[in-house]
>>> print(open('data15.cif').read())   # mmCIF, C-alpha atoms and all ligand atoms
data_data
#
loop_
_atom_site.group_PDB
_atom_site.id
_atom_site.type_symbol
_atom_site.label_atom_id
_atom_site.label_comp_id
_atom_site.auth_asym_id
_atom_site.auth_seq_id
_atom_site.Cartn_x
_atom_site.Cartn_y
_atom_site.Cartn_z
ATOM 1 C CA MET A 1 0.000 0.000 0.000
ATOM 2 C CA ALA A 2 1.384 3.378 -0.957
ATOM 3 C CA ARG A 3 1.193 6.072 1.639
ATOM 4 C CA SER A 4 -1.142 8.917 0.854
ATOM 5 C CA CYS A 5 -0.411 12.624 0.710
ATOM 6 C CA ILE A 6 -2.311 14.739 3.217
ATOM 7 C CA VAL A 7 -2.648 18.503 3.402
ATOM 8 C CA ALA A 8 -4.187 19.096 6.810
ATOM 9 C CA GLY A 9 -5.345 22.372 8.310
ATOM 10 C CA ASN A 10 -5.316 22.809 12.082
ATOM 11 C CA TRP A 11 -7.562 25.726 12.923
ATOM 12 C CA LYS A 12 -6.708 25.687 16.642
ATOM 13 C CA MET A 13 -9.044 27.988 18.623
ATOM 14 C CA TYR A 14 -10.167 29.965 15.602
ATOM 15 C CA LYS A 15 -13.432 30.025 13.618
ATOM 16 C CA THR A 16 -17.045 29.744 14.685
ATOM 17 C CA ALA A 17 -19.334 27.164 13.092
ATOM 18 C CA PRO A 18 -20.619 29.541 10.353
ATOM 19 C CA GLU A 19 -17.063 30.691 9.588
ATOM 20 C CA GLY A 20 -16.008 27.053 9.256
ATOM 21 C CA GLN A 21 -18.851 26.346 6.835
ATOM 22 C CA GLU A 22 -17.966 29.397 4.771
ATOM 23 C CA PHE A 23 -14.395 28.056 4.494
ATOM 24 C CA VAL A 24 -15.638 24.638 3.363
ATOM 25 C CA GLU A 25 -17.763 26.315 0.666
ATOM 26 C CA LYS A 26 -14.587 27.956 -0.707
ATOM 27 C CA LEU A 27 -12.828 24.575 -0.750
ATOM 28 C CA LYS A 28 -15.773 23.109 -2.641
ATOM 29 C CA GLU A 29 -15.436 25.843 -5.280
ATOM 30 C CA PHE A 30 -11.774 24.870 -5.619
ATOM 31 C CA LEU A 31 -12.702 21.192 -5.936
ATOM 32 C CA SER A 32 -15.161 22.001 -8.705
ATOM 33 C CA GLU A 33 -12.455 23.652 -10.855
ATOM 34 C CA GLU A 34 -11.723 21.649 -13.963
ATOM 35 C CA GLY A 35 -9.362 18.737 -13.364
ATOM 36 C CA ILE A 36 -8.734 19.385 -9.662
ATOM 37 C CA ALA A 37 -10.750 16.534 -8.132
ATOM 38 C CA GLU A 38 -9.293 14.088 -10.697
ATOM 39 C CA ARG A 39 -5.739 15.260 -10.025
ATOM 40 C CA LEU A 40 -6.196 14.928 -6.254
ATOM 41 C CA GLU A 41 -7.435 11.390 -6.712
ATOM 42 C CA GLU A 42 -4.667 10.549 -9.159
ATOM 43 C CA ILE A 43 -1.932 11.488 -6.700
ATOM 44 C CA ASP A 44 -3.938 10.307 -3.677
ATOM 45 C CA LEU A 45 -3.923 13.720 -1.996
ATOM 46 C CA SER A 46 -6.520 14.324 0.706
ATOM 47 C CA MET A 47 -7.506 17.570 2.367
ATOM 48 C CA TYR A 48 -8.112 17.314 6.114
ATOM 49 C CA LEU A 49 -9.504 20.063 8.344
ATOM 50 C CA ALA A 50 -9.076 19.826 12.127
ATOM 51 C CA VAL A 51 -11.759 22.208 13.326
ATOM 52 C CA PRO A 52 -13.018 23.374 16.753
ATOM 53 C CA PHE A 53 -15.555 20.981 18.330
ATOM 54 C CA THR A 54 -18.405 23.421 17.787
ATOM 55 C CA ALA A 55 -17.661 23.631 14.058
ATOM 56 C CA LEU A 56 -17.498 19.850 13.498
ATOM 57 C CA GLN A 57 -21.085 19.131 12.621
ATOM 58 C CA GLY A 58 -21.499 22.157 10.350
ATOM 59 C CA CYS A 59 -18.265 21.459 8.472
ATOM 60 C CA VAL A 60 -19.202 17.779 8.108
ATOM 61 C CA GLU A 61 -22.601 18.738 6.682
ATOM 62 C CA SER A 62 -21.110 21.308 4.304
ATOM 63 C CA SER A 63 -18.470 18.884 3.026
ATOM 64 C CA GLU A 64 -20.856 15.970 2.484
ATOM 65 C CA GLY A 65 -20.320 14.259 -0.857
ATOM 66 C CA THR A 66 -16.788 15.670 -1.243
ATOM 67 C CA SER A 67 -13.378 14.167 -0.462
ATOM 68 C CA ILE A 68 -12.712 16.719 2.333
ATOM 69 C CA ARG A 69 -12.175 15.050 5.699
ATOM 70 C CA ILE A 70 -13.236 16.794 8.873
ATOM 71 C CA GLY A 71 -11.724 15.965 12.255
ATOM 72 C CA ALA A 72 -10.975 17.231 15.748
ATOM 73 C CA GLN A 73 -7.875 18.627 17.429
ATOM 74 C CA ASN A 74 -7.941 16.603 20.645
ATOM 75 C CA MET A 75 -10.031 14.249 22.761
ATOM 76 C CA HIS A 76 -9.968 12.415 26.097
ATOM 77 C CA ASP A 77 -8.961 8.776 26.435
ATOM 78 C CA ALA A 78 -11.996 7.701 28.491
ATOM 79 C CA THR A 79 -15.202 6.557 26.787
ATOM 80 C CA GLU A 80 -17.267 8.804 29.092
ATOM 81 C CA GLY A 81 -17.151 10.063 32.655
ATOM 82 C CA ALA A 82 -16.871 12.985 35.046
ATOM 83 C CA PHE A 83 -14.292 14.962 33.073
ATOM 84 C CA THR A 84 -15.662 18.487 32.923
ATOM 85 C CA GLY A 85 -14.776 20.218 29.690
ATOM 86 C CA GLU A 86 -13.482 17.111 27.934
ATOM 87 C CA ILE A 87 -14.786 15.257 24.904
ATOM 88 C CA ALA A 88 -14.967 11.532 24.055
ATOM 89 C CA SER A 89 -14.305 9.700 20.797
ATOM 90 C CA GLU A 90 -17.954 8.623 20.453
ATOM 91 C CA MET A 91 -19.024 12.272 20.641
ATOM 92 C CA LEU A 92 -16.611 13.196 17.870
ATOM 93 C CA LEU A 93 -17.765 10.255 15.767
ATOM 94 C CA SER A 94 -21.405 11.147 16.220
ATOM 95 C CA ALA A 95 -20.624 14.668 14.976
ATOM 96 C CA GLY A 96 -19.107 13.084 11.863
ATOM 97 C CA ALA A 97 -15.383 13.431 12.667
ATOM 98 C CA GLN A 98 -13.099 11.053 10.772
ATOM 99 C CA PHE A 99 -9.792 11.795 12.440
ATOM 100 C CA VAL A 100 -8.311 13.432 15.529
ATOM 101 C CA ILE A 101 -5.015 15.232 16.180
ATOM 102 C CA LEU A 102 -3.339 13.874 19.313
ATOM 103 C CA GLY A 103 -0.305 15.064 21.252
ATOM 104 C CA HIS A 104 -0.061 18.434 19.521
ATOM 105 C CA SER A 105 2.806 20.452 20.974
ATOM 106 C CA GLU A 106 0.351 22.984 22.406
ATOM 107 C CA ARG A 107 -1.380 20.136 24.286
ATOM 108 C CA ARG A 108 1.987 18.848 25.478
ATOM 109 C CA HIS A 109 3.524 22.191 26.448
ATOM 110 C CA VAL A 110 0.567 24.377 27.439
ATOM 111 C CA PHE A 111 -1.623 21.662 28.977
ATOM 112 C CA GLY A 112 1.096 19.323 30.239
ATOM 113 C CA GLU A 113 0.096 16.203 28.302
ATOM 114 C CA GLU A 114 2.664 13.434 28.405
ATOM 115 C CA ASN A 115 3.376 10.434 26.203
ATOM 116 C CA GLY A 116 1.455 8.019 28.468
ATOM 117 C CA PHE A 117 -1.766 10.029 28.244
ATOM 118 C CA VAL A 118 -1.295 10.542 24.518
ATOM 119 C CA ASN A 119 -0.749 6.783 24.159
ATOM 120 C CA ARG A 120 -4.080 6.022 25.829
ATOM 121 C CA LYS A 121 -5.790 8.479 23.495
ATOM 122 C CA VAL A 122 -4.168 6.844 20.457
ATOM 123 C CA HIS A 123 -5.580 3.480 21.540
ATOM 124 C CA ARG A 124 -9.019 4.959 22.145
ATOM 125 C CA ALA A 125 -8.997 6.614 18.717
ATOM 126 C CA LEU A 126 -7.940 3.408 16.941
ATOM 127 C CA ASP A 127 -10.419 1.279 18.859
ATOM 128 C CA SER A 128 -13.283 3.621 18.082
ATOM 129 C CA GLY A 129 -12.478 4.083 14.395
ATOM 130 C CA LEU A 130 -11.032 7.595 14.394
ATOM 131 C CA GLN A 131 -7.766 8.028 12.500
ATOM 132 C CA PRO A 132 -5.156 9.476 14.873
ATOM 133 C CA ILE A 133 -2.686 12.117 13.682
ATOM 134 C CA LEU A 134 0.038 11.828 16.285
ATOM 135 C CA CYS A 135 2.194 14.945 16.683
ATOM 136 C CA ILE A 136 5.784 14.789 17.843
ATOM 137 C CA GLY A 137 8.667 17.249 17.789
ATOM 138 C CA GLU A 138 11.612 18.610 19.709
ATOM 139 C CA THR A 139 12.012 22.025 21.343
ATOM 140 C CA LEU A 140 14.794 24.385 20.319
ATOM 141 C CA GLU A 141 16.589 23.639 23.560
ATOM 142 C CA GLN A 142 16.498 19.903 22.875
ATOM 143 C CA ARG A 143 17.710 20.373 19.296
ATOM 144 C CA GLU A 144 20.591 22.558 20.432
ATOM 145 C CA ALA A 145 21.524 20.000 23.094
ATOM 146 C CA ASP A 146 21.685 17.378 20.337
ATOM 147 C CA GLN A 147 18.711 15.491 21.785
ATOM 148 C CA MET A 148 16.425 15.572 18.766
ATOM 149 C CA GLN A 149 16.682 11.885 17.929
ATOM 150 C CA GLU A 150 16.312 10.792 21.532
ATOM 151 C CA VAL A 151 13.186 12.958 21.966
ATOM 152 C CA LEU A 152 11.572 11.806 18.723
ATOM 153 C CA ARG A 153 12.336 8.167 19.468
ATOM 154 C CA SER A 154 10.736 8.276 22.898
ATOM 155 C CA GLN A 155 7.728 10.288 21.683
ATOM 156 C CA ILE A 156 7.113 7.747 18.904
ATOM 157 C CA LEU A 157 7.704 4.599 20.939
ATOM 158 C CA GLU A 158 5.890 5.759 24.085
ATOM 159 C CA SER A 159 2.937 7.418 22.326
ATOM 160 C CA LEU A 160 2.427 4.396 20.067
ATOM 161 C CA ALA A 161 3.265 1.693 22.615
ATOM 162 C CA GLY A 162 1.092 -1.394 22.252
ATOM 163 C CA VAL A 163 -0.253 -0.501 18.797
ATOM 164 C CA GLU A 164 -0.463 -3.758 16.833
ATOM 165 C CA LYS A 165 1.147 -4.249 13.444
ATOM 166 C CA GLU A 166 -2.328 -4.556 11.876
ATOM 167 C CA GLN A 167 -3.307 -1.106 13.149
ATOM 168 C CA ILE A 168 -0.133 0.899 12.741
ATOM 169 C CA SER A 169 -0.779 1.903 9.104
ATOM 170 C CA GLU A 170 -3.924 3.725 10.238
ATOM 171 C CA VAL A 171 -1.788 6.153 12.228
ATOM 172 C CA VAL A 172 -0.560 9.369 10.621
ATOM 173 C CA LEU A 173 2.553 10.869 12.169
ATOM 174 C CA ALA A 174 3.182 14.626 12.166
ATOM 175 C CA TYR A 175 6.693 15.892 12.811
ATOM 176 C CA GLU A 176 6.358 19.434 14.135
ATOM 177 C CA PRO A 177 9.527 20.960 15.577
ATOM 178 C CA VAL A 178 8.254 23.131 18.433
ATOM 179 C CA TRP A 179 10.604 25.967 17.427
ATOM 180 C CA ALA A 180 8.905 26.156 14.019
ATOM 181 C CA ILE A 181 5.283 26.272 15.172
ATOM 182 C CA GLY A 182 3.708 29.676 14.765
ATOM 183 C CA THR A 183 7.136 31.324 14.683
ATOM 184 C CA GLY A 184 7.521 31.878 10.955
ATOM 185 C CA ARG A 185 10.712 29.842 11.230
ATOM 186 C CA THR A 186 10.299 26.727 9.072
ATOM 187 C CA ALA A 187 12.662 23.774 9.192
ATOM 188 C CA THR A 188 14.801 23.679 6.062
ATOM 189 C CA GLU A 189 13.926 20.996 3.533
ATOM 190 C CA GLU A 190 17.036 19.081 4.613
ATOM 191 C CA GLN A 191 16.161 19.337 8.319
ATOM 192 C CA ALA A 192 12.639 18.098 7.609
ATOM 193 C CA GLN A 193 13.841 15.188 5.460
ATOM 194 C CA GLU A 194 16.454 14.212 8.054
ATOM 195 C CA ALA A 195 13.900 14.135 10.873
ATOM 196 C CA HIS A 196 11.277 12.314 8.786
ATOM 197 C CA GLU A 197 13.788 9.703 7.679
ATOM 198 C CA PHE A 198 14.758 9.162 11.294
ATOM 199 C CA CYS A 199 11.098 8.799 12.349
ATOM 200 C CA ARG A 200 10.540 6.227 9.614
ATOM 201 C CA GLU A 201 13.598 4.330 10.783
ATOM 202 C CA VAL A 202 12.235 4.191 14.338
ATOM 203 C CA LEU A 203 8.842 3.030 13.037
ATOM 204 C CA GLY A 204 10.648 0.394 10.976
ATOM 205 C CA GLU A 205 12.613 -0.924 13.955
ATOM 206 C CA GLN A 206 9.388 -1.371 15.893
ATOM 207 C CA TRP A 207 6.788 -2.350 13.291
ATOM 208 C CA GLY A 208 8.912 -3.489 10.349
ATOM 209 C CA LYS A 209 10.214 -1.686 7.263
ATOM 210 C CA ARG A 210 7.196 -2.478 5.141
ATOM 211 C CA LYS A 211 4.734 -1.032 7.658
ATOM 212 C CA ALA A 212 6.955 2.009 8.213
ATOM 213 C CA GLY A 213 6.850 2.609 4.467
ATOM 214 C CA SER A 214 3.051 2.725 4.537
ATOM 215 C CA ILE A 215 2.755 5.405 7.238
ATOM 216 C CA SER A 216 2.211 9.002 6.111
ATOM 217 C CA ILE A 217 4.508 11.424 7.913
ATOM 218 C CA LEU A 218 3.457 15.072 7.719
ATOM 219 C CA TYR A 219 5.641 18.104 8.388
ATOM 220 C CA GLY A 220 4.232 20.961 10.439
ATOM 221 C CA GLY A 221 5.627 24.337 11.512
ATOM 222 C CA SER A 222 5.127 27.601 9.607
ATOM 223 C CA VAL A 223 4.131 25.887 6.351
ATOM 224 C CA LYS A 224 2.807 28.315 3.735
ATOM 225 C CA PRO A 225 2.267 28.304 -0.044
ATOM 226 C CA THR A 226 5.818 29.555 -0.665
ATOM 227 C CA ASN A 227 7.608 26.745 1.178
ATOM 228 C CA ALA A 228 5.184 23.816 0.793
ATOM 229 C CA LYS A 229 6.517 22.540 -2.519
ATOM 230 C CA GLY A 230 10.139 22.263 -1.394
ATOM 231 C CA LEU A 231 9.124 20.412 1.754
ATOM 232 C CA LEU A 232 6.783 18.055 -0.091
ATOM 233 C CA LYS A 233 9.462 17.165 -2.612
ATOM 234 C CA GLN A 234 11.434 15.463 0.140
ATOM 235 C CA LYS A 235 11.353 11.691 -0.038
ATOM 236 C CA ASP A 236 9.926 11.112 3.431
ATOM 237 C CA VAL A 237 7.639 14.150 3.662
ATOM 238 C CA ASP A 238 4.183 12.843 2.740
ATOM 239 C CA GLY A 239 2.141 15.886 3.540
ATOM 240 C CA VAL A 240 1.862 18.955 5.725
ATOM 241 C CA LEU A 241 0.014 20.001 8.871
ATOM 242 C CA VAL A 242 -0.736 23.694 8.627
ATOM 243 C CA GLY A 243 -1.771 26.048 11.420
ATOM 244 C CA GLY A 244 -1.723 29.788 10.684
ATOM 245 C CA ALA A 245 -1.784 29.467 6.897
ATOM 246 C CA SER A 246 -4.832 27.169 7.018
ATOM 247 C CA LEU A 247 -7.108 29.893 8.366
ATOM 248 C CA ASP A 248 -7.358 31.711 5.072
ATOM 249 C CA PRO A 249 -8.915 29.607 2.282
ATOM 250 C CA GLU A 250 -6.685 31.238 -0.320
ATOM 251 C CA SER A 251 -3.452 30.258 1.409
ATOM 252 C CA PHE A 252 -4.723 26.763 2.285
ATOM 253 C CA ILE A 253 -5.763 26.220 -1.336
ATOM 254 C CA GLY A 254 -2.409 27.712 -2.387
ATOM 255 C CA ILE A 255 -0.636 24.990 -0.406
ATOM 256 C CA VAL A 256 -2.794 22.297 -2.021
ATOM 257 C CA ARG A 257 -2.026 23.734 -5.477
ATOM 258 C CA GLU A 258 1.698 23.665 -4.694
ATOM 259 C CA SER A 259 1.345 20.022 -3.654
ATOM 260 C CA LEU A 260 -0.307 18.944 -6.883
ATOM 261 C CA GLY A 261 2.872 18.842 -8.897
ATOM 262 C CA THR A 262 5.120 17.181 -6.332
ATOM 263 C CA LYS A 263 3.832 13.746 -5.557
ATOM 264 C CA LYS A 264 3.028 11.482 -8.477
ATOM 265 C CA LYS A 265 6.459 9.993 -9.160
ATOM 266 C CA ARG A 266 7.065 9.208 -5.536
ATOM 267 C CA ARG A 267 3.813 7.326 -5.085
ATOM 268 C CA LYS A 268 5.053 4.877 -7.694
ATOM 269 C CA LYS A 269 8.462 4.545 -6.082
ATOM 270 C CA VAL A 270 6.920 3.716 -2.737
ATOM 271 C CA VAL A 271 4.856 0.907 -4.240
ATOM 272 C CA VAL A 272 7.922 -0.579 -5.926
ATOM 273 C CA ALA A 273 10.003 -0.292 -2.772
ATOM 274 C CA GLU A 274 7.345 -2.104 -0.801
ATOM 275 C CA SER A 275 6.930 -4.968 -3.198
ATOM 276 C CA GLU A 276 10.686 -5.597 -2.918
ATOM 277 C CA ASP A 277 10.420 -6.114 0.849
HETATM 278 P P1 LIG B 1 1.793 26.834 12.215
HETATM 279 O O1 LIG B 1 1.175 25.696 13.164
HETATM 280 O O2 LIG B 1 1.591 26.378 10.792
HETATM 281 O O3 LIG B 1 1.014 28.069 12.534
HETATM 282 O O4 LIG B 1 3.251 26.952 12.545
HETATM 283 C C1 LIG B 1 1.331 24.331 12.870
HETATM 284 C C2 LIG B 1 0.627 23.495 13.918
HETATM 285 O O5 LIG B 1 0.595 23.902 15.079
HETATM 286 O O6 LIG B 1 0.105 22.408 13.615
#
>>> encode(input="data15.cif", output="structure tokens")
Amino acid sequence: MARSCIVAGNWKMYKTAPEGQEFVEKLKEFLSEEGIAERLEEIDLSMYLAVPFTALQGCVESSEGTSIRIGAQNMHDATEGAFTGEIASEMLLSAGAQFVILGHSERRHVFGEENGFVNRKVHRALDSGLQPILCIGETLEQREADQMQEVLRSQILESLAGVEKEQISEVVLAYEPVWAIGTGRTATEEQAQEAHEFCREVLGEQWGKRKAGSISILYGGSVKPTNAKGLLKQKDVDGVLVGGASLDPESFIGIVRESLGTKKKRRKKVVVAESED
């Protein structure tokens, strides 16, 4: 199975339900342009939108019948319970969510979430049929102290502990260096490729090379239309997770347009590489 290309928007705490629906309408106009839907299918590129909880249902309704996937930005690991202010996987599913971002750096650093908690959420998501997008990434301090690999390895292995080989391909990984999120400072193409290659190696050690080759790894951190293409051309960069630049439909669509020309050849290569395994 070839890994798919994903351009995902993470709206964070922005946009009301009507604003979300207005955005989806703009994406639908883009999808109705001649040749766009066919090209997206041809290169297996999907558009994901991680929207605020209150915008889920509206965005799901507006995107019905299209290839746009709507998901959430977080959830709790329990099925239900006395957890004021939290949300459960079943609630997200009943609102039509298809995926959920877990372990985003803002959850880890602002709300103190650790790998163990994130791991329980990953299991809950997989068990309930929501695709998890697991975020990992080092801080500037850790990078400068030469700890990047150590941090990424433990985030991957601890957050995905106990995930069976049969389920691992359902996980999407997002490498988001904390120093690049919302700072305007993007990782260079080489830095992104190096980190992604390392993540795939770690996945391969744990779940086997073939499985590692089927997992989409997204890059996140100050992605915009002007740098998306260079990042996506990297061998192990399968897509992007976009915060700030996903709030404006024009720049989000700009990133998708930049992605259209970058992926086809690689999809083929991945299939060949896998069949050699
Ligand atoms: P940014 O955010 O694109 O604004 O840097 C990325 C993210 O937090 O997922």
>>> residues_around(input="data15.cif", residues="stretch 100-104 of chain A", least_positions_apart="6", cutoff="10 Å", atoms="only C-alpha atoms", output="number ranges by chain")
A: 10, 49-51, 70-76, 89, 92-93, 110, 113-115, 117-119, 121-122, 125, 130-137, 155, 159, 172-176, 178
>>> residues_around(input="data15.cif", residues="A:Arg69", least_positions_apart="2", cutoff="8 Å", atoms="only C-alpha atoms", output="number ranges by chain")
A: 46-49, 60, 63, 67, 71, 97-99
>>> write_last_selection(input="data15.cif", atoms="C-alpha atoms", output="PDB file, keeping the file's coordinate frame")
ATOM      1  CA  SER A  46      -6.520  14.324   0.706  1.00  0.00           C
ATOM      2  CA  MET A  47      -7.506  17.570   2.367  1.00  0.00           C
ATOM      3  CA  TYR A  48      -8.112  17.314   6.114  1.00  0.00           C
ATOM      4  CA  LEU A  49      -9.504  20.063   8.344  1.00  0.00           C
ATOM      5  CA  VAL A  60     -19.202  17.779   8.108  1.00  0.00           C
ATOM      6  CA  SER A  63     -18.470  18.884   3.026  1.00  0.00           C
ATOM      7  CA  SER A  67     -13.378  14.167  -0.462  1.00  0.00           C
ATOM      8  CA  GLY A  71     -11.724  15.965  12.255  1.00  0.00           C
ATOM      9  CA  ALA A  97     -15.383  13.431  12.667  1.00  0.00           C
ATOM     10  CA  GLN A  98     -13.099  11.053  10.772  1.00  0.00           C
ATOM     11  CA  PHE A  99      -9.792  11.795  12.440  1.00  0.00           C
TER      12      PHE A  99
END
>>> atom_distance(input="data15.cif", atom1="atom CA of A:Glu190", atom2="atom CA of A:Arg257")
22.1 Å
>>> residues_around(input="data15.cif", residues="A:Leu40", least_positions_apart="5", cutoff="12 Å", atoms="all atoms listed in the file", output="number ranges by chain")
A: 4-7, 30-35, 45-47, 66-68, 256-264
>>> closest_residue(input="data15.cif", among="A:Gln21, A:Thr186, A:Ser128, A:Gln191", to="A:Gly58", atoms="all atoms listed in the file")
A:Gln21
>>> atom_distance(input="data15.cif", atom1="atom CA of A:Leu56", atom2="atom CA of A:Ala95")
6.2 Å
>>> residues_near_ligand(input="data15.cif", ligand="ligand LIG 1 (chain B)", cutoff="8 Å", atoms="only C-alpha atoms and all ligand atoms", output="MDAnalysis selection string")
chainID A and resid 9:10 12 104:106 176 180:184 186 220:224 241:246
>>> write_last_selection(input="data15.cif", atoms="C-alpha atoms", output="short mmCIF file (atom, residue, chain, number, x, y, z; two decimals), in the frame of the given file")
data_model
loop_
_atom_site.label_atom_id
_atom_site.label_comp_id
_atom_site.auth_asym_id
_atom_site.auth_seq_id
_atom_site.Cartn_x
_atom_site.Cartn_y
_atom_site.Cartn_z
CA GLY A 9 -5.34 22.37 8.31
CA ASN A 10 -5.32 22.81 12.08
CA LYS A 12 -6.71 25.69 16.64
CA HIS A 104 -0.06 18.43 19.52
CA SER A 105 2.81 20.45 20.97
CA GLU A 106 0.35 22.98 22.41
CA GLU A 176 6.36 19.43 14.14
CA ALA A 180 8.90 26.16 14.02
CA ILE A 181 5.28 26.27 15.17
CA GLY A 182 3.71 29.68 14.76
CA THR A 183 7.14 31.32 14.68
CA GLY A 184 7.52 31.88 10.96
CA THR A 186 10.30 26.73 9.07
CA GLY A 220 4.23 20.96 10.44
CA GLY A 221 5.63 24.34 11.51
CA SER A 222 5.13 27.60 9.61
CA VAL A 223 4.13 25.89 6.35
CA LYS A 224 2.81 28.32 3.74
CA LEU A 241 0.01 20.00 8.87
CA VAL A 242 -0.74 23.69 8.63
CA GLY A 243 -1.77 26.05 11.42
CA GLY A 244 -1.72 29.79 10.68
CA ALA A 245 -1.78 29.47 6.90
CA SER A 246 -4.83 27.17 7.02
#
>>> atom_distance(input="data15.cif", atom1="atom CA of A:Glu138", atom2="atom CA of A:Phe198")
13.0 Å
>>> resolve_selection(input="data15.cif", expression="the PyMOL selection byres (((chain A and resi 237-239) around 7) and not hetatm)", output="compact mmCIF listing (two decimals) with C-alpha atoms, in the coordinates of the input")
# COMPACT_ATOMS: atom_id res chain seq x y z
CA SER A 4 -1.14 8.92 0.85
CA CYS A 5 -0.41 12.62 0.71
CA ILE A 6 -2.31 14.74 3.22
CA VAL A 7 -2.65 18.50 3.40
CA GLN A 193 13.84 15.19 5.46
CA HIS A 196 11.28 12.31 8.79
CA SER A 216 2.21 9.00 6.11
CA ILE A 217 4.51 11.42 7.91
CA LEU A 218 3.46 15.07 7.72
CA TYR A 219 5.64 18.10 8.39
CA LEU A 231 9.12 20.41 1.75
CA LEU A 232 6.78 18.06 -0.09
CA GLN A 234 11.43 15.46 0.14
CA LYS A 235 11.35 11.69 -0.04
CA ASP A 236 9.93 11.11 3.43
CA VAL A 240 1.86 18.95 5.72
>>> resolve_selection(input="data15.cif", expression="the PyMOL selection byres (((chain A and resi 202) around 12) and not hetatm)", output="PDB file with C-alpha atoms, in the coordinates of the input")
ATOM      1  CA  GLN A 149      16.682  11.885  17.929  1.00  0.00           C
ATOM      2  CA  GLU A 150      16.312  10.792  21.532  1.00  0.00           C
ATOM      3  CA  VAL A 151      13.186  12.958  21.966  1.00  0.00           C
ATOM      4  CA  LEU A 152      11.572  11.806  18.723  1.00  0.00           C
ATOM      5  CA  ARG A 153      12.336   8.167  19.468  1.00  0.00           C
ATOM      6  CA  SER A 154      10.736   8.276  22.898  1.00  0.00           C
ATOM      7  CA  GLN A 155       7.728  10.288  21.683  1.00  0.00           C
ATOM      8  CA  ILE A 156       7.113   7.747  18.904  1.00  0.00           C
ATOM      9  CA  LEU A 157       7.704   4.599  20.939  1.00  0.00           C
ATOM     10  CA  GLU A 158       5.890   5.759  24.085  1.00  0.00           C
ATOM     11  CA  LEU A 160       2.427   4.396  20.067  1.00  0.00           C
ATOM     12  CA  LEU A 173       2.553  10.869  12.169  1.00  0.00           C
ATOM     13  CA  ALA A 195      13.900  14.135  10.873  1.00  0.00           C
ATOM     14  CA  HIS A 196      11.277  12.314   8.786  1.00  0.00           C
ATOM     15  CA  GLU A 197      13.788   9.703   7.679  1.00  0.00           C
ATOM     16  CA  PHE A 198      14.758   9.162  11.294  1.00  0.00           C
ATOM     17  CA  CYS A 199      11.098   8.799  12.349  1.00  0.00           C
ATOM     18  CA  ARG A 200      10.540   6.227   9.614  1.00  0.00           C
ATOM     19  CA  GLU A 201      13.598   4.330  10.783  1.00  0.00           C
ATOM     20  CA  LEU A 203       8.842   3.030  13.037  1.00  0.00           C
ATOM     21  CA  GLY A 204      10.648   0.394  10.976  1.00  0.00           C
ATOM     22  CA  GLU A 205      12.613  -0.924  13.955  1.00  0.00           C
ATOM     23  CA  GLN A 206       9.388  -1.371  15.893  1.00  0.00           C
ATOM     24  CA  TRP A 207       6.788  -2.350  13.291  1.00  0.00           C
ATOM     25  CA  GLY A 208       8.912  -3.489  10.349  1.00  0.00           C
ATOM     26  CA  LYS A 209      10.214  -1.686   7.263  1.00  0.00           C
ATOM     27  CA  LYS A 211       4.734  -1.032   7.658  1.00  0.00           C
ATOM     28  CA  ALA A 212       6.955   2.009   8.213  1.00  0.00           C
ATOM     29  CA  GLY A 213       6.850   2.609   4.467  1.00  0.00           C
ATOM     30  CA  ILE A 215       2.755   5.405   7.238  1.00  0.00           C
TER      31      ILE A 215
END
>>> closest_residue(input="data15.cif", among="A:Arg124, A:His109, A:Thr54, A:Glu42", to="A:Glu80", atoms="all atoms listed in the file")
A:Arg124
>>> axis_aligned_box(input="data15.cif", around="stretch 75-79 of chain A", padding_each_side="8 Å", output="AutoDock Vina command-line options")
--center_x -12.1 --center_y 10.4 --center_z 25.6 --size_x 22.2 --size_y 23.7 --size_z 21.7
>>> closest_residue(input="data15.cif", among="A:Ala145, A:Ala192, A:Leu126, A:Ala78", to="A:Glu166", atoms="only C-alpha atoms")
A:Leu126
